[in-house]
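run.txt follows; it contains compact mmCIF, C-alpha atoms.
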# COMPACT_ATOMS: atom_id res chain seq x y z
CA MET W 1 61.79 141.35 110.90
CA LYS W 2 62.73 144.82 109.67
CA LEU W 3 60.12 147.46 110.35
CA ASP W 4 58.73 149.09 107.22
CA PRO W 5 55.73 151.42 107.74
CA LEU W 6 54.16 150.66 104.36
CA LEU W 7 54.50 146.88 104.62
CA THR W 8 53.38 146.91 108.25
CA LYS W 9 50.27 148.88 107.29
CA ALA W 10 49.53 146.52 104.39
CA ALA W 11 50.00 143.45 106.60
CA ARG W 12 47.66 144.96 109.18
CA TYR W 13 45.02 145.59 106.50
CA SER W 14 45.34 142.02 105.26
CA ARG W 15 45.10 140.46 108.72
CA ARG W 16 41.95 142.49 109.41
CA GLY W 17 40.35 141.25 106.21
CA TYR W 18 40.76 144.50 104.26
CA TYR W 19 42.44 142.71 101.35
CA GLY W 20 41.45 145.31 98.76
CA LYS W 21 43.02 148.10 100.83
CA ALA W 22 46.25 146.13 101.14
CA ILE W 23 46.36 145.51 97.38
CA ARG W 24 45.63 149.15 96.50
CA LEU W 25 48.31 150.29 98.94
CA LEU W 26 51.01 148.00 97.56
CA GLU W 27 50.48 147.70 93.81
CA PRO W 28 51.66 151.27 93.01
CA GLU W 29 54.93 150.46 94.84
CA VAL W 30 55.94 147.45 92.72
CA LEU W 31 59.07 149.11 91.31
CA ARG W 32 60.18 150.39 94.71
CA TYR W 33 59.90 146.95 96.33
CA HIS W 34 61.01 144.96 93.31
CA ASP W 35 63.35 142.74 95.35
CA SER W 36 61.24 142.40 98.50
CA HIS W 37 59.90 138.90 99.11
CA ARG W 38 57.73 140.14 101.98
CA PHE W 39 56.16 142.79 99.73
CA TYR W 40 55.14 140.22 97.14
CA TYR W 41 53.98 137.72 99.76
CA ILE W 42 51.59 140.26 101.30
CA LEU W 43 50.29 141.07 97.81
CA ALA W 44 49.94 137.41 96.91
CA VAL W 45 48.02 136.30 99.99
CA SER W 46 45.84 139.43 99.87
CA CYS W 47 44.89 138.57 96.28
CA LEU W 48 44.37 134.92 97.22
CA TYR W 49 42.04 135.65 100.13
CA SER W 50 40.15 138.28 98.09
CA GLY W 51 39.52 135.81 95.24
CA ASP W 52 41.88 137.42 92.71
CA PHE W 53 43.52 134.13 91.74
CA GLY W 54 45.29 135.53 88.67
CA GLY W 55 46.99 138.22 90.73
CA ALA W 56 47.80 135.71 93.46
CA HIS W 57 49.49 133.40 90.98
CA THR W 58 51.54 136.23 89.46
CA TYR W 59 52.75 137.49 92.85
CA PHE W 60 53.45 134.02 94.28
CA ARG W 61 55.57 133.31 91.20
CA ARG W 62 57.58 136.46 91.89
CA CYS W 63 57.92 135.36 95.53
CA ARG W 64 59.45 132.11 94.38
CA GLU W 65 61.87 133.90 92.05
CA LEU W 66 63.10 135.90 95.03
CA LYS W 67 63.16 133.00 97.51
CA MET W 68 63.05 129.56 95.94
CA GLN W 69 62.80 127.60 99.19
CA ASP W 70 60.03 129.31 101.12
CA SER W 71 57.34 126.98 102.40
CA GLN W 72 54.58 129.62 102.58
CA THR W 73 55.14 130.56 98.95
CA LEU W 74 55.04 126.91 97.88
CA LEU W 75 51.81 126.37 99.84
CA GLY W 76 50.21 129.33 98.06
CA LEU W 77 51.20 128.02 94.64
CA ALA W 78 50.05 124.52 95.57
CA ALA W 79 46.60 125.78 96.60
CA LEU W 80 46.25 127.55 93.25
CA HIS W 81 47.20 124.39 91.39
CA VAL W 82 44.58 122.46 93.38
CA ARG W 83 41.99 125.05 92.35
CA ARG W 84 42.96 124.58 88.69
CA GLY W 85 42.78 120.80 89.00
CA GLU W 86 46.52 120.42 88.45
CA THR W 87 46.89 117.92 91.25
CA ASP W 88 50.19 116.43 90.03
CA ARG W 89 51.89 119.80 90.28
CA ALA W 90 50.26 120.47 93.67
CA VAL W 91 51.53 117.14 95.02
CA GLU W 92 55.08 118.03 93.93
CA LEU W 93 54.90 121.34 95.78
CA TYR W 94 53.43 119.80 98.94
CA LEU W 95 56.17 117.16 98.99
CA GLU W 96 58.76 119.89 98.47
CA VAL W 97 57.38 121.70 101.54
CA LEU W 98 57.65 118.54 103.64
CA ASP W 99 61.23 117.98 102.47
CA LEU W 100 62.17 121.58 103.26
CA GLU W 101 60.70 121.45 106.74
CA ALA W 102 62.25 118.06 107.46
CA ALA W 103 65.68 119.51 106.64
CA SER W 104 65.09 122.72 108.60
CA THR W 105 66.56 123.26 112.06
CA HIS W 106 63.35 125.11 112.98
CA PRO W 107 60.55 123.34 111.10
CA SER W 108 57.20 125.07 110.80
CA LYS W 109 54.45 122.90 112.26
CA SER W 110 51.76 124.93 110.48
CA ALA W 111 53.48 124.48 107.08
CA ILE W 112 53.77 120.73 107.66
CA ARG W 113 50.15 120.55 108.73
CA LEU W 114 48.94 122.44 105.63
CA ALA W 115 51.06 120.34 103.27
CA LYS W 116 49.71 117.11 104.78
CA ARG W 117 46.17 118.49 104.62
CA GLY W 118 46.63 119.33 100.94
CA LEU W 119 47.91 115.82 100.17
CA ALA W 120 44.98 114.31 102.05
CA VAL W 121 42.51 116.42 100.03
CA ILE W 122 44.09 115.31 96.76
CA ARG W 123 44.00 111.66 97.82
CA LYS W 124 40.35 111.91 98.82
CA TYR W 125 39.08 114.12 95.98
CA GLY W 126 41.54 113.19 93.24
CA GLU W 127 38.89 112.62 90.60
CA LYS W 128 37.96 115.69 88.56
CA GLU W 129 34.25 115.68 89.44
CA ALA W 130 34.89 115.04 93.14
CA LEU W 131 37.48 117.83 93.28
CA SER W 132 35.11 120.27 91.52
CA ALA W 133 32.38 119.46 94.03
CA TRP W 134 34.81 119.96 96.92
CA LEU W 135 35.97 123.31 95.51
CA GLU W 136 32.39 124.53 95.22
CA THR W 137 32.00 124.18 98.99
CA GLY W 138 34.63 126.91 99.47
CA ALA W 139 36.87 124.51 101.42
CA LEU W 140 39.92 125.55 99.39
CA LYS W 141 40.52 128.30 101.96
CA LYS W 142 41.59 125.58 104.39
CA LEU W 143 44.70 125.13 102.22
CA TYR W 144 45.65 128.82 102.04
CA PRO W 145 49.00 129.79 103.57
CA PRO W 146 48.87 132.10 106.61
CA LEU W 147 48.31 135.81 106.36
CA PRO W 148 51.46 137.95 106.64
CA PRO W 149 52.78 138.28 110.19
CA LEU W 150 53.17 141.66 111.81
CA PRO W 151 56.68 142.65 112.91
CA ARG W 152 57.47 143.06 116.55
CA SER W 153 56.48 146.41 117.97
CA ILE W 154 59.18 149.04 118.11
CA ARG W 155 59.22 148.82 121.89
CA SER W 156 59.65 145.05 122.10
CA GLY W 157 62.16 145.18 119.28
CA PHE W 158 64.12 147.86 121.13
CA PHE W 159 64.32 145.88 124.37
CA PHE W 160 65.23 142.70 122.51
CA ALA W 161 67.99 144.49 120.62
CA PHE W 162 69.19 146.21 123.79
CA ALA W 163 69.43 142.90 125.63
CA ALA W 164 71.19 141.30 122.69
CA VAL W 165 73.72 144.15 122.46
CA LEU W 166 74.46 143.88 126.18
CA SER W 167 75.00 140.14 125.90
CA ILE W 168 77.24 140.46 122.86
CA ALA W 169 79.22 143.29 124.46
CA ALA W 170 79.76 141.25 127.61
CA LEU W 171 80.93 138.20 125.66
CA ALA W 172 83.15 140.32 123.42
CA GLY W 173 84.66 142.07 126.44
CA LEU W 174 85.41 138.73 128.06
CA GLY W 175 86.99 137.48 124.84
CA ILE W 176 89.20 140.55 124.51
CA TYR W 177 90.17 140.41 128.18
CA THR W 178 91.21 136.77 127.90
CA LYS W 179 92.90 137.52 124.53
CA LEU W 180 90.72 134.98 122.77
CA LEU W 181 89.52 137.84 120.53
CA PRO W 182 91.62 140.66 119.01
CA ASN W 183 91.11 144.15 120.38
CA PRO W 184 89.24 146.08 117.67
CA PHE W 185 90.00 149.53 119.04
CA PRO W 186 93.73 150.11 118.54
CA SER W 187 94.41 151.56 115.10
CA SER W 188 97.20 149.03 114.65
CA ASN W 189 94.57 146.27 114.38
CA ARG W 190 92.88 147.77 111.35
CA VAL W 191 93.54 145.81 108.17
CA ALA W 192 95.39 148.02 105.69
CA ARG W 193 95.01 147.25 102.00
CA PRO W 194 98.20 146.50 100.07
CA GLY W 195 99.64 149.43 98.14
CA MET W 196 98.34 152.25 100.35
CA GLU W 197 101.83 153.49 101.16
CA SER W 198 102.63 153.91 97.45
CA LEU W 199 99.60 156.17 96.94
CA ILE W 200 100.84 159.04 99.11
CA LEU W 201 101.51 162.18 97.07
CA ASN W 202 105.03 163.58 97.42
CA ASP W 203 105.99 167.24 97.56
CA THR W 204 106.67 167.45 93.83
CA GLU W 205 103.27 166.03 92.96
CA LEU W 206 101.56 168.38 95.40
CA LYS W 207 103.20 171.41 93.78
CA SER W 208 101.76 170.64 90.36
CA VAL W 209 98.21 169.35 90.72
CA VAL W 210 96.46 170.72 87.61
CA LYS W 211 97.32 171.51 84.00
CA THR W 212 96.37 174.80 82.38
CA THR W 213 96.39 173.70 78.76
CA GLY W 214 94.67 170.95 76.87
CA SER W 215 91.14 169.62 76.35
CA PHE W 216 89.40 167.97 79.27
CA ARG W 217 85.97 166.59 80.02
CA TYR W 218 86.00 168.02 83.55
CA VAL W 219 87.81 171.18 84.63
CA LEU W 220 88.64 170.99 88.33
CA THR W 221 90.40 173.30 90.72
CA GLN W 222 93.49 172.17 92.61
CA ASP W 223 91.43 171.61 95.77
CA GLN W 224 88.83 169.59 93.86
CA VAL W 225 91.49 167.32 92.36
CA LEU W 226 93.09 166.68 95.74
CA LYS W 227 89.73 166.09 97.44
CA SER W 228 88.70 163.64 94.73
CA TYR W 229 92.00 161.78 95.01
CA GLU W 230 91.84 161.58 98.80
CA ARG W 231 88.23 160.41 98.61
CA ALA W 232 89.23 157.69 96.16
CA LYS W 233 91.93 156.52 98.58
CA ALA W 234 89.51 156.56 101.51
CA LEU W 235 86.90 154.55 99.58
CA PHE W 236 89.56 152.07 98.48
CA SER W 237 90.72 151.74 102.08
CA ASP W 238 87.13 150.91 103.08
CA PHE W 239 86.99 148.21 100.36
CA ARG W 240 84.49 150.24 98.30
CA ASP W 241 86.38 149.81 95.06
CA GLU W 242 83.57 150.71 92.64
CA ALA W 243 82.90 154.02 94.38
CA ALA W 244 86.66 154.67 94.34
CA LYS W 245 86.69 154.09 90.58
CA VAL W 246 84.16 156.91 90.09
CA GLU W 247 86.55 159.37 91.75
CA ILE W 248 89.48 157.93 89.81
CA ASN W 249 87.62 158.44 86.54
CA ARG W 250 86.79 161.99 87.55
CA ILE W 251 90.53 162.65 87.87
CA LEU W 252 91.48 160.82 84.67
CA GLU W 253 88.90 162.77 82.65
CA SER W 254 89.94 166.12 84.16
CA ASN W 255 92.73 168.66 83.92
CA ALA W 256 94.66 166.96 86.73
CA SER W 257 98.41 166.78 86.19
CA ASP W 258 100.00 163.74 84.58
CA ALA W 259 101.64 162.85 87.91
CA ILE W 260 98.29 162.82 89.75
CA LYS W 261 96.73 160.78 86.94
CA ALA W 262 99.59 158.28 87.19
CA LYS W 263 98.87 157.86 90.91
CA ALA W 264 95.15 157.50 90.14
CA ASN W 265 95.92 154.77 87.59
CA LEU W 266 98.14 153.05 90.16
CA LEU W 267 95.24 153.08 92.61
CA LEU W 268 92.98 151.69 89.89
CA SER W 269 95.37 148.77 89.39
CA TYR W 270 94.93 147.76 93.04
CA THR W 271 91.12 147.49 92.86
CA VAL W 272 89.52 144.05 92.95
CA THR W 273 86.66 142.75 90.79
CA PRO W 274 83.59 142.12 92.99
CA GLY W 275 81.01 139.34 92.83
CA PHE W 276 77.24 139.40 93.26
CA ASN W 277 77.61 139.06 97.03
CA THR W 278 80.55 141.45 97.49
CA LEU W 279 79.45 144.46 95.42
CA LYS W 280 79.04 147.29 97.94
CA ASP W 281 78.13 150.25 95.71
CA ASN W 282 75.73 149.75 92.82
CA TYR W 283 74.87 152.52 90.36
CA SER W 284 71.63 152.56 88.42
CA TYR W 285 71.38 152.78 84.64
CA LEU W 286 69.91 156.28 84.93
CA GLU W 287 72.84 157.46 87.08
CA VAL W 288 75.39 156.07 84.64
CA GLN W 289 73.59 157.48 81.62
CA LYS W 290 73.85 161.03 82.99
CA ALA W 291 77.67 160.91 83.21
CA PRO W 292 78.91 157.70 81.54
CA TYR W 293 82.61 158.57 81.55
CA LEU W 294 82.63 158.71 85.36
CA TYR W 295 81.62 155.04 85.41
CA ARG W 296 84.08 153.57 82.92
CA ASN W 297 85.16 150.09 84.19
CA VAL W 298 82.85 150.41 87.19
CA VAL W 299 81.07 147.13 87.99
CA VAL W 300 77.29 147.31 88.22
CA ARG W 301 74.46 144.87 88.85
CA TRP W 302 71.50 145.45 86.52
CA LYS W 303 68.29 143.51 85.97
CA GLY W 304 66.15 143.23 82.88
CA MET W 305 65.26 140.92 80.00
CA ALA W 306 67.64 139.54 77.38
CA ALA W 307 66.96 140.07 73.67
CA ASN W 308 68.82 139.35 70.40
CA ILE W 309 70.81 136.54 72.01
CA GLN W 310 73.78 135.18 70.06
CA GLN W 311 75.62 132.24 71.60
CA SER W 312 78.87 130.47 70.76
CA ASP W 313 81.07 127.95 72.51
CA ARG W 314 83.16 130.68 74.12
CA SER W 315 80.97 133.76 74.45
CA VAL W 316 77.44 135.16 74.46
CA THR W 317 76.18 138.55 73.30
CA PHE W 318 72.73 140.01 73.87
CA ASP W 319 70.88 143.25 74.50
CA LEU W 320 69.86 143.83 78.10
CA LEU W 321 66.49 145.57 78.38
CA VAL W 322 67.34 147.31 81.64
CA GLY W 323 64.49 147.59 84.15
CA TYR W 324 62.14 145.56 81.98
CA ASP W 325 62.21 142.45 84.18
CA MET W 326 58.71 143.35 85.41
CA LYS W 327 57.72 144.26 81.83
CA THR W 328 56.42 147.68 82.89
CA VAL W 329 59.26 150.20 82.50
CA LEU W 330 62.14 150.06 80.02
CA GLN W 331 65.00 152.27 81.21
CA GLY W 332 67.31 151.55 78.31
CA ILE W 333 68.92 148.94 76.06
CA VAL W 334 72.52 147.98 76.81
CA PRO W 335 74.68 145.60 74.70
CA VAL W 336 76.25 142.87 76.83
CA VAL W 337 79.21 140.63 76.01
CA LEU W 338 79.82 137.57 78.18
CA PRO W 339 83.36 136.25 77.62
CA PHE W 340 82.22 132.77 78.60
CA ALA W 341 79.66 130.23 77.47
CA ALA W 342 76.20 130.45 79.07
CA THR W 343 72.63 129.40 78.44
CA ILE W 344 70.16 132.28 78.58
CA ASN W 345 66.37 132.10 78.51
CA GLN W 346 64.99 135.25 76.88
CA ASP W 347 61.57 134.69 78.52
CA VAL W 348 62.89 134.91 82.09
CA PRO W 349 64.30 138.01 83.85
CA ILE W 350 68.09 138.12 84.04
CA GLU W 351 70.53 139.89 86.35
CA VAL W 352 73.94 140.84 84.98
CA LEU W 353 77.07 141.69 86.93
CA GLY W 354 79.35 143.51 84.52
CA SER W 355 81.85 146.32 84.08
CA ILE W 356 80.81 149.38 82.11
CA VAL W 357 82.39 149.90 78.71
CA ILE W 358 82.12 153.28 76.99
CA GLN W 359 81.61 153.00 73.25
CA GLY W 360 81.47 155.72 70.61
CA GLU W 361 79.80 159.00 71.61
CA GLY W 362 79.42 157.90 75.23
CA THR W 363 77.09 154.96 74.67
CA ILE W 364 77.11 152.30 77.39
CA ALA W 365 77.86 148.59 77.09
CA LEU W 366 78.62 145.87 79.63
CA ARG W 367 81.38 143.31 79.75
CA GLY W 368 79.80 140.52 81.76
CA ILE W 369 81.41 139.04 84.84
CA ALA W 370 78.55 136.81 85.98
CA ILE W 371 74.83 136.36 85.40
CA HIS W 372 71.92 135.16 87.48
CA GLN W 373 68.65 133.93 86.05
CA ALA W 374 65.80 132.51 88.11
CA VAL W 375 64.08 129.27 87.19
CA ALA W 376 61.12 129.86 84.89
CA LEU W 377 57.74 129.20 86.45
CA PRO W 378 54.37 128.51 84.81
CA GLN W 379 52.57 131.52 83.40
CA ALA W 380 49.88 133.05 85.59
CA GLU W 381 46.33 132.15 84.80
CA GLU W 382 43.90 134.80 83.68
CA GLN W 383 41.59 136.28 86.27
CA LYS W 384 38.18 134.77 86.41

Show me the file's structure as structure tokens.
Amino acid sequence: MKLDPLLTKAARYSRRGYYGKAIRLLEPEVLRYHDSHRFYYILAVSCLYSGDFGGAHTYFRRCRELKMQDSQTLLGLAALHVRRGETDRAVELYLEVLDLEAASTHPSKSAIRLAKRGLAVIRKYGEKEALSAWLETGALKKLYPPLPPLPRSIRSGFFFAFAAVLSIAALAGLGIYTKLLPNPFPSSNRVARPGMESLILNDTELKSVVKTTGSFRYVLTQDQVLKSYERAKALFSDFRDEAAKVEINRILESNASDAIKAKANLLLSYTVTPGFNTLKDNYSYLEVQKAPYLYRNVVVRWKGMAANIQQSDRSVTFDLLVGYDMKTVLQGIVPVVLPFAATINQDVPIEVLGSIVIQGEGTIALRGIAIHQAVALPQAEEQK
């Protein structure tokens, strides 16, 4: 488990019973930890144990959006459904936990035990009046998922990592020695991307790097043009195509010579469109808004809510309310065109992978490559 001082402190508070302190510590950091399942789990269980059932339901729902098949999250949601008398939904979740653990290579005995306990409670106190009487005893806490675990100490983590590195190094060395593994050290073993040899600037191109006349968005010196071009090549060589595109755009929008721009366009033609799992460099809406022309055709991954959806058999258009997936901060509104059919739920947060299109006067739009939208969950109950 990765060490994070804030989350470690919050988990320690929660485990000591200082649930309010954990909640006050974490809630101001919601935007910062927007994609952290552990963050939301600590918040959820802290709310649950403190009696803030509305907050617990909201944060457990976010946990499930981030990690659909997590037994502890399902147990938390199931306990809340039991409290609300929604036993059918609780049974579904408990059975889902048992299925998950049965299929796991490392099943959690505590999760199985809690799921079976929850099913036993529902069987015994299934009637509304009997369940209400059982809830009044405070026994619901017996169905709560465990408090957040603390990560290993830095010292134990260090020794574990050190031992692991030694073991891996020994095995790798043996593999290289026996030629079962390739030697990673000789430069000849490094995978070169196709087209690199055609990107080398010749003497003629190096003699005329910049133009002195014309209208340009960026005015660069000869050294700046060459540094930007070499950086684009280096990023491309490291398979960081989107970062390379930023440098390419800097050249194309500058006073660089036509020959240098031709080489930059050639480099651009070699770049590959990434997917959700292969995008290495992601630029925020605020970064792009400051200098949109640097990010033309750059692929980004932005989250928000969809509005003004228009669907057809071959395409979908909508406005992406960037950053509004938590319905707290709206960074901006970006038109999106998906050149494929898709079903979009405007009530559920959406994540769009798309390339940036510059429209009139530098406004930003996205041409969609792929979308991801979590399954909608029941709305959180109001605090009581």

>> Taking all atoms listed in the file into account, name the residue in W:Met305, W:Ala262, W:Leu31, W:Val209 that is nearest to W:Val348.
In response: W:Met305

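Minimum distance to W:Val352 across W:Asp325, W:Glu197, W:Glu247, W:Asp238 (counting only C-alpha atoms) occurs at W:Asp325.
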
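The protein and nucleic acid residues lying at most 10 Å from W:Leu140 are Ala79, Leu80, Val82, Arg83, Gly118, Val121, Trp134, Leu135, Glu136, Thr137, Gly138, Lys142, Leu143 and Tyr144 of chain W, with all atoms listed in the file considered and sequence neighbours fewer than 2 positions away removed.
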
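If you look at atom CA of W:Asp35 and atom CA of W:Gly354, they are 19.3 Å away from each other.
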
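With distances taken over all atoms listed in the file, W:Phe318 is the one residue among W:Tyr324, W:Phe318, W:Phe53, W:Tyr13 lying closest to W:Ile344.
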
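The residue that comes closest to W:Ala256, out of W:Glu242, W:Glu287, W:Asp313, W:Glu205 and on the basis of only C-alpha atoms, is W:Glu205.
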
>> Just checking: using all atoms listed in the file, which residue out of W:Lys9, W:Arg240, W:Arg123, W:Lys67 ends up closest to W:Asp88?
In response: W:Arg123

> Counting only C-alpha atoms, which of W:Leu26, W:Ala243, W:Ile371, W:Cys63 gets nearest to W:Ala306?
Replying inline: W:Ile371

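Residues in contact with W:Arg113 at 12 Å, where only C-alpha atoms are counted and same-chain residues fewer than 2 positions away are skipped, are listed as Ser71, Gln72, Leu75, Tyr94, Leu95, Val97, Leu98, Glu101, Pro107, Ser108, Lys109, Ser110, Ala111, Ala115, Lys116, Arg117, Gly118, Leu119, Ala120, Lys142, Leu143, Tyr144, Pro145 and Pro146 of chain W.
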
>> Between atom CA of W:Leu206 and atom CA of W:Pro292, what is the distance in Å, rounded to a tenth?
In response: 28.6 Å

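Pairwise distance (atom CA of W:Tyr41, atom CA of W:Tyr59) equals 7.0 Å.
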
> Skipping near chain neighbours, those fewer than 3 positions away, what residues fall within 10 Å of W:Arg84 using only C-alpha atoms, listed as a PyMOL selection string?
Replying inline: chain W and resi 78-81+87+90+131-132+135+381

> Near stretch 328-339 of chain W, within 9 Å and counting all atoms listed in the file, which residues show up once chain neighbours fewer than 3 positions away are dropped, as a ChimeraX atom specification?
Replying inline: /W:31,285-286,304,314-325,342,352,354,363-371

> Counting all atoms listed in the file, what is within 8 Å of W:Lys245, bar same-chain residues fewer than 6 positions away, as a list in words?
Replying inline: Ala232, Leu268, Tyr295, Asn297 and Val298 of chain W
